[in-house]
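File shown: protein-v5.pdb. Contents: PDB, C-alpha atoms.
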```
ATOM      1  CA  MET A   2      72.292 -10.917  15.118
ATOM      2  CA  GLN A   3      74.887 -13.261  13.615
ATOM      3  CA  ILE A   4      74.292 -13.718   9.877
ATOM      4  CA  PHE A   5      75.316 -16.992   8.229
ATOM      5  CA  ILE A   6      75.842 -17.093   4.468
ATOM      6  CA  ASN A   7      76.376 -20.643   3.227
ATOM      7  CA  THR A   8      74.884 -20.584  -0.277
ATOM      8  CA  TYR A   9      77.250 -20.488  -3.228
ATOM      9  CA  GLY A  10      76.923 -17.293  -5.282
ATOM     10  CA  THR A  11      75.399 -15.126  -2.558
ATOM     11  CA  TYR A  12      76.438 -11.479  -2.877
ATOM     12  CA  VAL A  13      76.553  -8.937  -0.050
ATOM     13  CA  HIS A  14      76.809  -5.233  -0.807
ATOM     14  CA  VAL A  15      75.451  -1.905   0.454
ATOM     15  CA  LYS A  16      72.278  -0.138  -0.596
ATOM     16  CA  ASP A  17      70.839   2.894   1.207
ATOM     17  CA  GLU A  18      73.304   2.440   4.059
ATOM     18  CA  MET A  19      72.025  -1.086   4.662
ATOM     19  CA  PHE A  20      73.476  -4.490   3.867
ATOM     20  CA  GLU A  21      71.755  -5.986   0.852
ATOM     21  CA  ILE A  22      72.052  -9.754   0.471
ATOM     22  CA  ARG A  23      71.288 -11.115  -2.985
ATOM     23  CA  LEU A  24      70.664 -14.834  -3.285
ATOM     24  CA  ARG A  25      69.720 -17.016  -6.237
ATOM     25  CA  THR A  26      69.186 -20.676  -5.322
ATOM     26  CA  ASP A  27      67.869 -21.641  -8.767
ATOM     27  CA  PRO A  28      68.852 -20.078 -12.133
ATOM     28  CA  LYS A  29      65.193 -20.232 -13.181
ATOM     29  CA  GLU A  30      63.982 -18.265 -10.162
ATOM     30  CA  LYS A  31      64.197 -14.576  -9.362
ATOM     31  CA  VAL A  32      66.980 -13.286  -7.139
ATOM     32  CA  LYS A  33      65.958 -13.165  -3.480
ATOM     33  CA  ILE A  34      66.912  -9.912  -1.782
ATOM     34  CA  ASN A  35      67.151  -9.217   1.956
ATOM     35  CA  HIS A  36      68.067  -5.952   3.649
ATOM     36  CA  ILE A  37      69.671  -5.771   7.094
ATOM     37  CA  ALA A  38      70.323  -2.582   9.035
ATOM     38  CA  SER A  39      73.894  -2.323  10.318
ATOM     39  CA  HIS A  40      72.794  -1.825  13.926
ATOM     40  CA  LYS A  41      71.089  -5.228  13.865
ATOM     41  CA  ALA A  42      74.174  -7.220  12.806
ATOM     42  CA  THR A  43      77.011  -8.368  15.053
ATOM     43  CA  SER A  44      78.898 -10.510  12.524
ATOM     44  CA  PHE A  45      78.765 -12.198   9.132
ATOM     45  CA  ILE A  46      79.848 -15.841   8.850
ATOM     46  CA  MET A  47      80.527 -16.495   5.165
ATOM     47  CA  SER A  48      81.422 -19.748   3.455
ATOM     48  CA  LYS A  49      83.755 -19.783   0.458
ATOM     49  CA  GLY A  50      81.844 -19.238  -2.770
ATOM     50  CA  ALA A  51      79.971 -16.167  -1.541
ATOM     51  CA  SER A  52      81.185 -12.635  -2.249
ATOM     52  CA  ILE A  53      81.107  -9.282  -0.495
ATOM     53  CA  SER A  54      81.816  -5.757  -1.745
ATOM     54  CA  THR A  55      84.406  -3.428  -0.246
ATOM     55  CA  ASP A  56      81.579  -1.017   0.604
ATOM     56  CA  ALA A  57      79.979  -3.761   2.702
ATOM     57  CA  ILE A  58      83.302  -4.491   4.393
ATOM     58  CA  ALA A  59      83.745  -0.780   5.173
ATOM     59  CA  LEU A  60      80.218  -0.506   6.597
ATOM     60  CA  ALA A  61      80.856  -3.550   8.767
ATOM     61  CA  ILE A  62      84.144  -2.172  10.082
ATOM     62  CA  LYS A  63      82.546   1.218  10.767
ATOM     63  CA  ASN A  64      79.882  -0.485  12.887
ATOM     64  CA  ASN A  65      82.202  -2.925  14.684
ATOM     65  CA  ILE A  66      80.796  -5.915  12.784
ATOM     66  CA  ASP A  67      83.311  -8.657  12.077
ATOM     67  CA  ILE A  68      83.217 -10.711   8.886
ATOM     68  CA  VAL A  69      84.431 -14.294   9.286
ATOM     69  CA  ILE A  70      85.351 -16.507   6.320
ATOM     70  CA  VAL A  71      84.909 -20.223   6.995
ATOM     71  CA  GLU A  72      85.668 -23.515   5.301
ATOM     72  CA  SER A  73      82.788 -25.768   4.210
ATOM     73  CA  ASP A  74      83.019 -27.580   7.570
ATOM     74  CA  GLY A  75      82.568 -24.320   9.506
ATOM     75  CA  HIS A  76      86.218 -23.919  10.523
ATOM     76  CA  PRO A  77      87.161 -20.202  10.472
ATOM     77  CA  ILE A  78      90.099 -19.358   8.206
ATOM     78  CA  GLY A  79      90.162 -15.557   8.407
ATOM     79  CA  ARG A  80      88.236 -12.422   9.260
ATOM     80  CA  PHE A  81      87.840  -8.747   8.489
ATOM     81  CA  TRP A  82      88.064  -6.694  11.669
ATOM     82  CA  HIS A  83      88.788  -3.056  12.487
ATOM     83  CA  SER A  84      92.435  -2.168  13.092
ATOM     84  CA  LYS A  85      91.903  -0.816  16.614
ATOM     85  CA  LEU A  86      93.126  -3.085  19.389
ATOM     86  CA  GLY A  87      90.602  -3.496  22.182
ATOM     87  CA  SER A  88      91.246  -1.796  25.515
ATOM     88  CA  THR A  89      94.688  -1.082  26.996
ATOM     89  CA  THR A  90      97.992  -2.578  25.847
ATOM     90  CA  LYS A  91      98.668  -3.375  29.514
ATOM     91  CA  ILE A  92      96.365  -6.382  29.154
ATOM     92  CA  ARG A  93      98.431  -7.881  26.342
ATOM     93  CA  LYS A  94     101.681  -7.216  28.218
ATOM     94  CA  ARG A  95     100.316  -9.045  31.270
ATOM     95  CA  GLN A  96      99.014 -11.830  29.035
ATOM     96  CA  LEU A  97     102.514 -12.386  27.671
ATOM     97  CA  GLU A  98     104.024 -12.353  31.172
ATOM     98  CA  ALA A  99     101.464 -14.904  32.388
ATOM     99  CA  SER A 100     102.325 -17.211  29.493
ATOM    100  CA  LEU A 101     105.893 -17.402  30.780
ATOM    101  CA  ASN A 102     105.284 -18.181  34.444
ATOM    102  CA  GLU A 103     103.114 -20.117  36.892
ATOM    103  CA  GLU A 104     100.101 -17.881  36.360
ATOM    104  CA  GLY A 105      99.585 -19.378  32.908
ATOM    105  CA  LEU A 106      99.519 -22.850  34.431
ATOM    106  CA  LEU A 107      96.865 -21.781  36.948
ATOM    107  CA  TRP A 108      94.620 -20.517  34.157
ATOM    108  CA  ILE A 109      95.103 -23.664  32.076
ATOM    109  CA  LYS A 110      94.297 -25.864  35.062
ATOM    110  CA  LYS A 111      91.164 -23.831  35.687
ATOM    111  CA  TRP A 112      89.930 -24.078  32.090
ATOM    112  CA  ILE A 113      90.790 -27.760  31.570
ATOM    113  CA  THR A 114      89.421 -28.962  34.913
ATOM    114  CA  GLN A 115      86.206 -27.045  34.228
ATOM    115  CA  LYS A 116      85.988 -28.723  30.841
ATOM    116  CA  LEU A 117      86.361 -32.194  32.394
ATOM    117  CA  GLU A 118      83.865 -31.331  35.123
ATOM    118  CA  ASN A 119      81.397 -30.270  32.421
ATOM    119  CA  GLN A 120      81.923 -33.597  30.660
ATOM    120  CA  ALA A 121      81.357 -35.578  33.859
ATOM    121  CA  ASP A 122      78.210 -33.568  34.630
ATOM    122  CA  TYR A 123      76.826 -34.256  31.170
ATOM    123  CA  ILE A 124      77.408 -37.980  31.518
ATOM    124  CA  GLN A 125      75.564 -37.767  34.843
ATOM    125  CA  ASP A 126      72.614 -36.243  32.974
ATOM    126  CA  LEU A 127      72.745 -38.954  30.313
ATOM    127  CA  LYS A 128      72.592 -41.677  32.982
ATOM    128  CA  LYS A 129      69.180 -40.474  34.174
ATOM    129  CA  HIS A 130      67.409 -41.726  31.049
ATOM    130  CA  ARG A 131      69.677 -44.622  30.109
ATOM    131  CA  LYS A 132      69.405 -47.102  32.932
ATOM    132  CA  GLN A 133      70.720 -49.942  30.754
ATOM    133  CA  LEU A 134      73.990 -48.008  30.293
ATOM    134  CA  SER A 135      74.294 -46.867  33.892
ATOM    135  CA  ASP A 136      77.341 -48.954  34.824
ATOM    136  CA  PHE A 137      79.169 -48.141  31.592
ATOM    137  CA  LEU A 138      78.514 -44.413  31.898
ATOM    138  CA  GLU A 139      79.416 -44.451  35.593
ATOM    139  CA  GLU A 140      82.815 -45.917  34.753
ATOM    140  CA  LYS A 141      83.464 -43.279  32.071
ATOM    141  CA  GLN A 142      82.404 -40.484  34.404
ATOM    142  CA  SER A 143      84.646 -41.773  37.185
ATOM    143  CA  ASN A 144      87.641 -42.007  34.839
ATOM    144  CA  ILE A 145      87.149 -38.426  33.650
ATOM    145  CA  LEU A 146      86.996 -37.138  37.221
ATOM    146  CA  GLU A 147      90.213 -38.994  38.036
ATOM    147  CA  TYR A 148      91.986 -37.143  35.226
ATOM    148  CA  ARG A 149      90.465 -33.908  36.469
ATOM    149  CA  GLU A 150      91.981 -34.492  39.902
ATOM    150  CA  LYS A 151      95.389 -35.319  38.437
ATOM    151  CA  ILE A 152      95.447 -32.082  36.446
ATOM    152  CA  SER A 153      94.219 -29.982  39.374
ATOM    153  CA  HIS A 154      97.144 -31.153  41.542
ATOM    154  CA  LEU A 155      99.890 -30.455  39.000
ATOM    155  CA  ARG A 156     102.600 -28.032  40.125
ATOM    156  CA  ALA A 157     105.348 -26.459  37.988
ATOM    157  CA  PRO A 158     107.012 -23.066  37.443
ATOM    158  CA  THR A 159     105.585 -22.830  33.893
ATOM    159  CA  VAL A 160     102.998 -24.526  31.708
ATOM    160  CA  GLY A 161     105.696 -25.726  29.338
ATOM    161  CA  GLU A 162     107.194 -28.081  31.899
ATOM    162  CA  VAL A 163     103.955 -30.062  32.256
ATOM    163  CA  ALA A 164     102.267 -29.295  28.914
ATOM    164  CA  GLU A 165     102.677 -32.799  27.475
ATOM    165  CA  THR A 166     101.353 -34.345  30.691
ATOM    166  CA  ILE A 167      98.266 -32.117  30.599
ATOM    167  CA  ARG A 168      97.628 -32.874  26.928
ATOM    168  CA  GLY A 169      97.987 -36.599  27.585
ATOM    169  CA  TRP A 170      95.539 -36.629  30.499
ATOM    170  CA  GLU A 171      93.122 -34.314  28.723
ATOM    171  CA  GLY A 172      93.213 -36.527  25.641
ATOM    172  CA  SER A 173      92.618 -39.663  27.695
ATOM    173  CA  ALA A 174      89.656 -38.029  29.426
ATOM    174  CA  GLY A 175      88.307 -36.976  26.036
ATOM    175  CA  ARG A 176      88.388 -40.553  24.777
ATOM    176  CA  GLN A 177      86.391 -41.658  27.810
ATOM    177  CA  TYR A 178      83.877 -38.878  27.220
ATOM    178  CA  PHE A 179      83.300 -39.554  23.533
ATOM    179  CA  ASP A 180      83.107 -43.288  24.188
ATOM    180  CA  ALA A 181      80.199 -42.442  26.473
ATOM    181  CA  LEU A 182      78.481 -40.217  23.894
ATOM    182  CA  ALA A 183      79.026 -42.794  21.146
ATOM    183  CA  LYS A 184      77.296 -45.465  23.224
ATOM    184  CA  ALA A 185      74.403 -43.232  24.312
ATOM    185  CA  ILE A 186      73.506 -41.840  20.876
ATOM    186  CA  PRO A 187      70.614 -43.415  18.885
ATOM    187  CA  GLU A 188      71.722 -46.655  17.263
ATOM    188  CA  GLU A 189      71.435 -45.274  13.718
ATOM    189  CA  PHE A 190      74.241 -42.783  14.432
ATOM    190  CA  ILE A 191      76.614 -44.813  16.624
ATOM    191  CA  PHE A 192      80.203 -43.734  15.984
ATOM    192  CA  GLN A 193      83.765 -44.519  17.028
ATOM    193  CA  GLY A 194      85.401 -41.631  18.908
ATOM    194  CA  ARG A 195      86.336 -38.132  17.755
ATOM    195  CA  SER A 196      87.290 -37.364  14.183
ATOM    196  CA  PHE A 197      88.124 -34.017  12.679
ATOM    197  CA  ARG A 198      88.851 -33.182   9.061
ATOM    198  CA  PRO A 199      87.213 -35.022   7.526
ATOM    199  CA  ALA A 200      84.678 -36.157  10.092
ATOM    200  CA  LYS A 201      84.212 -39.907   9.793
ATOM    201  CA  ASN A 202      80.531 -39.871  10.826
ATOM    202  CA  PRO A 203      77.518 -37.522  10.917
ATOM    203  CA  PHE A 204      77.811 -36.738  14.634
ATOM    204  CA  ASN A 205      81.375 -35.471  14.309
ATOM    205  CA  ALA A 206      80.527 -33.569  11.112
ATOM    206  CA  MET A 207      77.825 -31.628  12.940
ATOM    207  CA  LEU A 208      79.905 -31.183  16.086
ATOM    208  CA  ASN A 209      82.868 -29.866  14.077
ATOM    209  CA  TYR A 210      80.643 -27.245  12.454
ATOM    210  CA  ALA A 211      79.279 -26.158  15.845
ATOM    211  CA  TYR A 212      82.836 -25.915  17.169
ATOM    212  CA  GLY A 213      83.679 -23.708  14.168
ATOM    213  CA  ILE A 214      80.930 -21.261  15.143
ATOM    214  CA  LEU A 215      82.183 -21.338  18.713
ATOM    215  CA  TYR A 216      85.815 -20.683  17.692
ATOM    216  CA  SER A 217      84.731 -17.558  15.859
ATOM    217  CA  ARG A 218      82.766 -16.210  18.827
ATOM    218  CA  VAL A 219      85.536 -16.986  21.295
ATOM    219  CA  GLU A 220      88.075 -15.114  19.157
ATOM    220  CA  ARG A 221      85.712 -12.156  18.930
ATOM    221  CA  ALA A 222      85.099 -12.156  22.695
ATOM    222  CA  LEU A 223      88.841 -12.186  23.399
ATOM    223  CA  MET A 224      89.516  -9.328  20.985
ATOM    224  CA  ILE A 225      86.705  -7.211  22.452
ATOM    225  CA  ALA A 226      88.174  -7.813  25.918
ATOM    226  CA  GLY A 227      91.546  -6.492  24.695
ATOM    227  CA  LEU A 228      93.326  -9.855  24.626
ATOM    228  CA  ASP A 229      95.646 -11.219  21.941
ATOM    229  CA  PRO A 230      94.170 -14.418  20.429
ATOM    230  CA  TYR A 231      97.664 -15.566  19.395
ATOM    231  CA  VAL A 232      99.320 -15.527  22.844
ATOM    232  CA  GLY A 233      98.169 -18.679  24.621
ATOM    233  CA  PHE A 234      99.397 -20.740  27.533
ATOM    234  CA  LEU A 235      99.054 -24.434  26.644
ATOM    235  CA  HIS A 236      98.653 -24.653  22.885
ATOM    236  CA  ARG A 237     101.849 -24.254  20.905
ATOM    237  CA  ASP A 238     102.893 -20.876  19.526
ATOM    238  CA  ASP A 239     103.072 -22.118  15.966
ATOM    239  CA  TYR A 240     102.961 -19.657  13.080
ATOM    240  CA  ASN A 241      99.482 -18.102  12.820
ATOM    241  CA  MET A 242      98.192 -20.347  15.627
ATOM    242  CA  LYS A 243      95.467 -18.650  17.667
ATOM    243  CA  SER A 244      96.702 -20.318  20.819
ATOM    244  CA  LEU A 245      94.581 -18.399  23.323
ATOM    245  CA  VAL A 246      91.408 -19.192  21.385
ATOM    246  CA  PHE A 247      92.162 -22.916  21.698
ATOM    247  CA  ASP A 248      92.958 -22.498  25.416
ATOM    248  CA  PHE A 249      90.013 -20.309  26.373
ATOM    249  CA  ILE A 250      87.403 -22.296  24.431
ATOM    250  CA  GLU A 251      87.813 -25.450  26.531
ATOM    251  CA  PRO A 252      85.126 -24.821  29.211
ATOM    252  CA  PHE A 253      82.677 -23.693  26.513
ATOM    253  CA  ARG A 254      82.927 -26.731  24.235
ATOM    254  CA  ILE A 255      80.188 -28.331  26.332
ATOM    255  CA  HIS A 256      77.659 -25.937  24.774
ATOM    256  CA  ALA A 257      78.304 -27.333  21.285
ATOM    257  CA  GLU A 258      78.358 -30.904  22.586
ATOM    258  CA  ARG A 259      75.115 -30.642  24.536
ATOM    259  CA  CYS A 260      73.274 -28.907  21.717
ATOM    260  CA  VAL A 261      74.437 -31.285  18.976
ATOM    261  CA  PHE A 262      73.960 -34.450  21.008
ATOM    262  CA  THR A 263      70.449 -33.348  21.983
ATOM    263  CA  LEU A 264      69.544 -32.895  18.314
ATOM    264  CA  PHE A 265      70.625 -36.486  17.660
ATOM    265  CA  SER A 266      69.081 -37.979  20.796
ATOM    266  CA  THR A 267      65.708 -36.311  20.137
ATOM    267  CA  LYS A 268      65.861 -37.707  16.579
ATOM    268  CA  LYS A 269      65.715 -34.330  14.838
ATOM    269  CA  VAL A 270      68.763 -35.069  12.686
ATOM    270  CA  LYS A 271      68.212 -36.613   9.249
ATOM    271  CA  ARG A 272      70.649 -38.545   7.094
ATOM    272  CA  SER A 273      69.835 -36.109   4.301
ATOM    273  CA  PHE A 274      71.672 -33.360   6.246
ATOM    274  CA  PHE A 275      75.022 -34.921   5.278
ATOM    275  CA  ASP A 276      77.015 -35.572   2.138
ATOM    276  CA  GLN A 277      79.517 -38.406   2.085
ATOM    277  CA  LEU A 278      83.022 -37.537   0.956
ATOM    278  CA  VAL A 279      86.127 -39.654   0.422
ATOM    279  CA  GLY A 280      86.871 -40.860   3.938
ATOM    280  CA  GLY A 281      84.176 -38.934   5.734
ATOM    281  CA  PHE A 282      81.039 -36.809   5.985
ATOM    282  CA  THR A 283      80.208 -33.120   5.756
ATOM    283  CA  LEU A 284      77.150 -31.026   6.533
ATOM    284  CA  ASN A 285      75.382 -30.058   3.320
ATOM    285  CA  PRO A 286      73.203 -27.013   2.416
ATOM    286  CA  GLU A 287      70.231 -28.686   4.083
ATOM    287  CA  GLY A 288      72.071 -29.536   7.290
ATOM    288  CA  LYS A 289      73.968 -26.284   7.881
ATOM    289  CA  PRO A 290      70.944 -24.000   8.345
ATOM    290  CA  PHE A 291      69.317 -26.645  10.548
ATOM    291  CA  LEU A 292      72.304 -26.686  12.896
ATOM    292  CA  VAL A 293      72.830 -22.918  12.801
ATOM    293  CA  GLU A 294      69.199 -22.245  13.730
ATOM    294  CA  HIS A 295      69.256 -24.565  16.729
ATOM    295  CA  PHE A 296      72.770 -23.722  17.936
ATOM    296  CA  MET A 297      72.254 -19.961  17.693
ATOM    297  CA  ARG A 298      68.983 -20.231  19.575
ATOM    298  CA  TYR A 299      70.749 -22.284  22.241
ATOM    299  CA  MET A 300      73.648 -19.828  22.509
ATOM    300  CA  ASP A 301      72.130 -16.432  21.727
ATOM    301  CA  GLN A 302      68.476 -16.640  22.778
ATOM    302  CA  ASP A 303      68.031 -19.243  25.515
ATOM    303  CA  THR A 304      69.164 -17.911  28.884
ATOM    304  CA  ILE A 305      70.971 -19.406  31.861
ATOM    305  CA  ARG A 306      71.470 -18.117  35.398
ATOM    306  CA  TYR A 307      74.962 -16.672  35.470
ATOM    307  CA  ARG A 308      76.550 -14.448  38.105
ATOM    308  CA  GLY A 309      73.187 -13.654  39.616
ATOM    309  CA  ARG A 310      71.511 -12.649  36.347
ATOM    310  CA  ASN A 311      69.792 -14.265  33.392
ATOM    311  CA  GLN A 312      72.277 -14.276  30.499
ATOM    312  CA  THR A 313      72.574 -15.898  27.098
ATOM    313  CA  ARG A 314      75.443 -18.326  26.845
ATOM    314  CA  PHE A 315      77.264 -16.005  24.421
ATOM    315  CA  ASN A 316      76.900 -13.109  26.875
ATOM    316  CA  ALA A 317      78.288 -15.298  29.649
ATOM    317  CA  LEU A 318      81.253 -16.181  27.431
ATOM    318  CA  GLN A 319      81.937 -12.486  26.800
ATOM    319  CA  MET A 320      81.692 -11.735  30.513
ATOM    320  CA  ASP A 321      84.272 -14.439  31.228
ATOM    321  CA  ALA A 322      86.634 -12.951  28.626
ATOM    322  CA  HIS A 323      86.382  -9.532  30.303
ATOM    323  CA  ALA A 324      86.820 -11.100  33.744
ATOM    324  CA  PHE A 325      89.950 -12.900  32.540
ATOM    325  CA  ALA A 326      91.413  -9.661  31.134
ATOM    326  CA  ASN A 327      90.564  -7.713  34.291
ATOM    327  CA  GLU A 328      92.119 -10.338  36.530
ATOM    328  CA  LEU A 329      95.304 -10.335  34.451
ATOM    329  CA  ILE A 330      95.902  -6.620  35.012
ATOM    330  CA  SER A 331      94.816  -6.624  38.651
ATOM    331  CA  LYS A 332      96.895  -9.596  39.793
ATOM    332  CA  SER A 333     100.242  -9.148  41.480
ATOM    333  CA  ASN A 334     103.302 -11.253  40.708
ATOM    334  CA  ASP A 335     102.644 -13.435  43.757
ATOM    335  CA  PHE A 336     100.597 -16.254  42.239
ATOM    336  CA  THR A 337      98.848 -18.491  44.725
ATOM    337  CA  GLN A 338      95.975 -20.848  44.352
TER
END
```
Just give me the structure of the file as structure tokens.
Amino acid sequence: MQIFINTYGTYVHVKDEMFEIRLRTDPKEKVKINHIASHKATSFIMSKGASISTDAIALAIKNNIDIVIVESDGHPIGRFWHSKLGSTTKIRKRQLEASLNEEGLLWIKKWITQKLENQADYIQDLKKHRKQLSDFLEEKQSNILEYREKISHLRAPTVGEVAETIRGWEGSAGRQYFDALAKAIPEEFIFQGRSFRPAKNPFNAMLNYAYGILYSRVERALMIAGLDPYVGFLHRDDYNMKSLVFDFIEPFRIHAERCVFTLFSTKKVKRSFFDQLVGGFTLNPEGKPFLVEHFMRYMDQDTIRYRGRNQTRFNALQMDAHAFANELISKSNDFTQ
């Protein structure tokens, strides 16, 4: 169970070897108290303004429960995690080697082309119920697949030599994709392209928060698999940049996009879920739990057929992280596609 704490003033501590969460939403009301056994928790996602005791941190570390601190828009800014590195150091050595040769390029091509294929597939789904937009969506889908083909045929000794080309084509495909979503969304929430911090419209505000949840789970999956979140292939190795998280997340962004867009297209989203800021929008205390409930059900309860078994989407993500780590240490230095 992933526990989200978004309410200002919430306090988490330990009582009787359990997490006790104390919450007061109104000064005139009694404090609400919940108890959670450590074996039932996988992580705490805490917004700024909440507090946690060192005893609670220690209990979490002892039980392999990570504690993630996030900004108000859901973007993770730090975490408490045990000091043991997952698995063998051989994985991280091979990860670094791959970042410096053609193998890194092969992985990036795999992740980015899968991302663009996911986008094209989703547009195909949108066309089924939007006959009036069929030609427009067909054009966007075709353009995305053209960029996918261009990226799949790139050849170079290292990622660095073609990194700007990949980013350019990926960005162009992304503009086509979000143009399609912007046109297909209910008229009340029509928007103009992607926007980040701040989000310039409700759709991007909700999508950014879902991405924030996804970033946290991707980082956790990589760490459990014994990988270093900071050693990536395409994203720059800037100071404190979790480059591999930004690389590895690409094929999984579709989960956030499908879930959030469906909430809008089925008219479950209300204007009251958002507060307007200078230059943008943010999810408010009414909107955050709404999104978390639906996104966590989509990711951690609903199942898909994956590798011959029914899996949650989060389980499938973890399996892919392990598969990536295993392939790194089993691959020879002769990289072929």
Nearest-residue call for Val163 in chain A, choices A:Met207, A:Glu140, A:Leu235, A:Lys111, using all atoms listed in the file: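 Checking each of A:Met207, A:Glu140, A:Leu235, A:Lys111 against Val163 in chain A, counting all atoms listed in the file, the winner is A:Leu235.
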Counting all atoms listed in the file, the residue of A:Leu215, A:Ala57, A:Leu24, A:Leu182 that sits nearest Ala257 in chain A: A:Leu215
Nearest-residue call for Glu171 in chain A, choices A:Ala183, A:Leu117, A:Ile191, A:Leu155, using all atoms listed in the file: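 Going through A:Ala183, A:Leu117, A:Ile191, A:Leu155 one by one, the smallest distance to Glu171 in chain A is for A:Leu117.
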Test item: which residues lie within 9 Å of (85.4, -10.3, 23.9) counting all atoms listed in the file, as an MDAnalysis selection string: chainID A and resid 87 218:228 318:323
Selection near Gly213 in chain A, 8 Å with all atoms listed in the file, sequence-local residues under 3 positions removed, as JSON, numbers by chain: {"A": [74, 75, 76, 77, 209, 210, 216, 217]}
Between CA of His256 in chain A and CA of Lys201 in chain A - distance in Å to one decimal: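 Atom-to-atom, CA of Lys201 in chain A to CA of His256 in chain A, that is 21.5 Å.
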Distance in Å - CA of Leu106 in chain A versus CA of Pro230 in chain A: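 Separating CA of Leu106 in chain A from CA of Pro230 in chain A is a distance of 17.2 Å.
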Between CA of Ala38 in chain A and CA of Gly50 in chain A, distance in Å (one decimal):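 For CA of Ala38 in chain A relative to CA of Gly50 in chain A, the distance reads 23.4 Å.
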Reference answer for the PyMOL selection byres ((chain A and resi 303) around 12), as a list of chain:residue names: A:His256, A:Cys260, A:His295, A:Phe296, A:Met297, A:Arg298, A:Tyr299, A:Met300, A:Asp301, A:Gln302, A:Thr304, A:Ile305, A:Arg306, A:Asn311, A:Gln312, A:Thr313, A:Arg314, A:Phe315, A:Asn316, A:Ala317
Please return the centre and edge lengths, in Å to one decimal, of a box with edges along x, y and z that contains all listed atoms of range 74-83 of chain A, widened by 3 Å on every side, as AutoDock Vina command-line options.
```
--center_x 86.4 --center_y -15.3 --center_z 10.0 --size_x 13.6 --size_y 30.5 --size_z 10.9
```
Shell around Phe137 in chain A at 12 Å using all atoms listed in the file, local window under 4 positions removed, as a VMD selection string: chain A and resid 124 to 125 127 to 128 131 to 133 141 to 144 177 to 178 180 to 185
Best match for closeness to Val261 in chain A among A:Ala164, A:Ile186, A:Leu146, A:Ala61, counting all atoms listed in the file: A:Ile186
Reference answer for the PyMOL selection byres ((chain A and resi 274) around 6), as an NGL selection string: :A and (271-273 or 275 or 284-285 or 287-288)
Residues matched by the PyMOL selection byres ((chain A and resi 243-246) around 7), written as a compact mmCIF listing (two decimals) with C-alpha atoms, in the coordinates of the input:
```
# COMPACT_ATOMS: atom_id res chain seq x y z
CA TYR A 216 85.82 -20.68 17.69
CA VAL A 219 85.54 -16.99 21.30
CA GLU A 220 88.08 -15.11 19.16
CA PRO A 230 94.17 -14.42 20.43
CA TYR A 231 97.66 -15.57 19.40
CA VAL A 232 99.32 -15.53 22.84
CA GLY A 233 98.17 -18.68 24.62
CA PHE A 234 99.40 -20.74 27.53
CA HIS A 236 98.65 -24.65 22.88
CA ARG A 237 101.85 -24.25 20.90
CA ASP A 238 102.89 -20.88 19.53
CA ASN A 241 99.48 -18.10 12.82
CA MET A 242 98.19 -20.35 15.63
CA PHE A 247 92.16 -22.92 21.70
CA ASP A 248 92.96 -22.50 25.42
CA PHE A 249 90.01 -20.31 26.37
CA ILE A 250 87.40 -22.30 24.43
```
Residue with smallest distance to Gln115 in chain A - pool A:Asp56, A:Glu21, A:Asp276, A:Glu251, counting only C-alpha atoms: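 With only C-alpha atoms as the atom set, the closest residue is A:Glu251.
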Pick from A:Lys110, A:Lys94, A:Arg168, A:Arg195, whichever lies nearest to His154 in chain A using all atoms listed in the file: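 Selected residue with least distance to His154 in chain A: A:Lys110.
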All residues 12 Å or closer to Ser153 in chain A, only C-alpha atoms, same chain fewer than 3 positions away omitted, as a PDB file with C-alpha atoms, in the frame of the given file:
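Result went into part-v6.pdb, see below:
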```pdb
ATOM      1  CA  LEU A 106      99.519 -22.850  34.431  1.00  0.00           C
ATOM      2  CA  LEU A 107      96.865 -21.781  36.948  1.00  0.00           C
ATOM      3  CA  TRP A 108      94.620 -20.517  34.157  1.00  0.00           C
ATOM      4  CA  ILE A 109      95.103 -23.664  32.076  1.00  0.00           C
ATOM      5  CA  LYS A 110      94.297 -25.864  35.062  1.00  0.00           C
ATOM      6  CA  LYS A 111      91.164 -23.831  35.687  1.00  0.00           C
ATOM      7  CA  TRP A 112      89.930 -24.078  32.090  1.00  0.00           C
ATOM      8  CA  ILE A 113      90.790 -27.760  31.570  1.00  0.00           C
ATOM      9  CA  THR A 114      89.421 -28.962  34.913  1.00  0.00           C
ATOM     10  CA  GLN A 115      86.206 -27.045  34.228  1.00  0.00           C
ATOM     11  CA  LYS A 116      85.988 -28.723  30.841  1.00  0.00           C
ATOM     12  CA  LEU A 117      86.361 -32.194  32.394  1.00  0.00           C
ATOM     13  CA  GLU A 118      83.865 -31.331  35.123  1.00  0.00           C
ATOM     14  CA  LEU A 146      86.996 -37.138  37.221  1.00  0.00           C
ATOM     15  CA  GLU A 147      90.213 -38.994  38.036  1.00  0.00           C
ATOM     16  CA  TYR A 148      91.986 -37.143  35.226  1.00  0.00           C
ATOM     17  CA  ARG A 149      90.465 -33.908  36.469  1.00  0.00           C
ATOM     18  CA  GLU A 150      91.981 -34.492  39.902  1.00  0.00           C
ATOM     19  CA  ARG A 156     102.600 -28.032  40.125  1.00  0.00           C
ATOM     20  CA  ALA A 157     105.348 -26.459  37.988  1.00  0.00           C
ATOM     21  CA  ILE A 167      98.266 -32.117  30.599  1.00  0.00           C
ATOM     22  CA  TRP A 170      95.539 -36.629  30.499  1.00  0.00           C
ATOM     23  CA  GLU A 171      93.122 -34.314  28.723  1.00  0.00           C
ATOM     24  CA  GLN A 338      95.975 -20.848  44.352  1.00  0.00           C
TER      25      GLN A 338
END
```
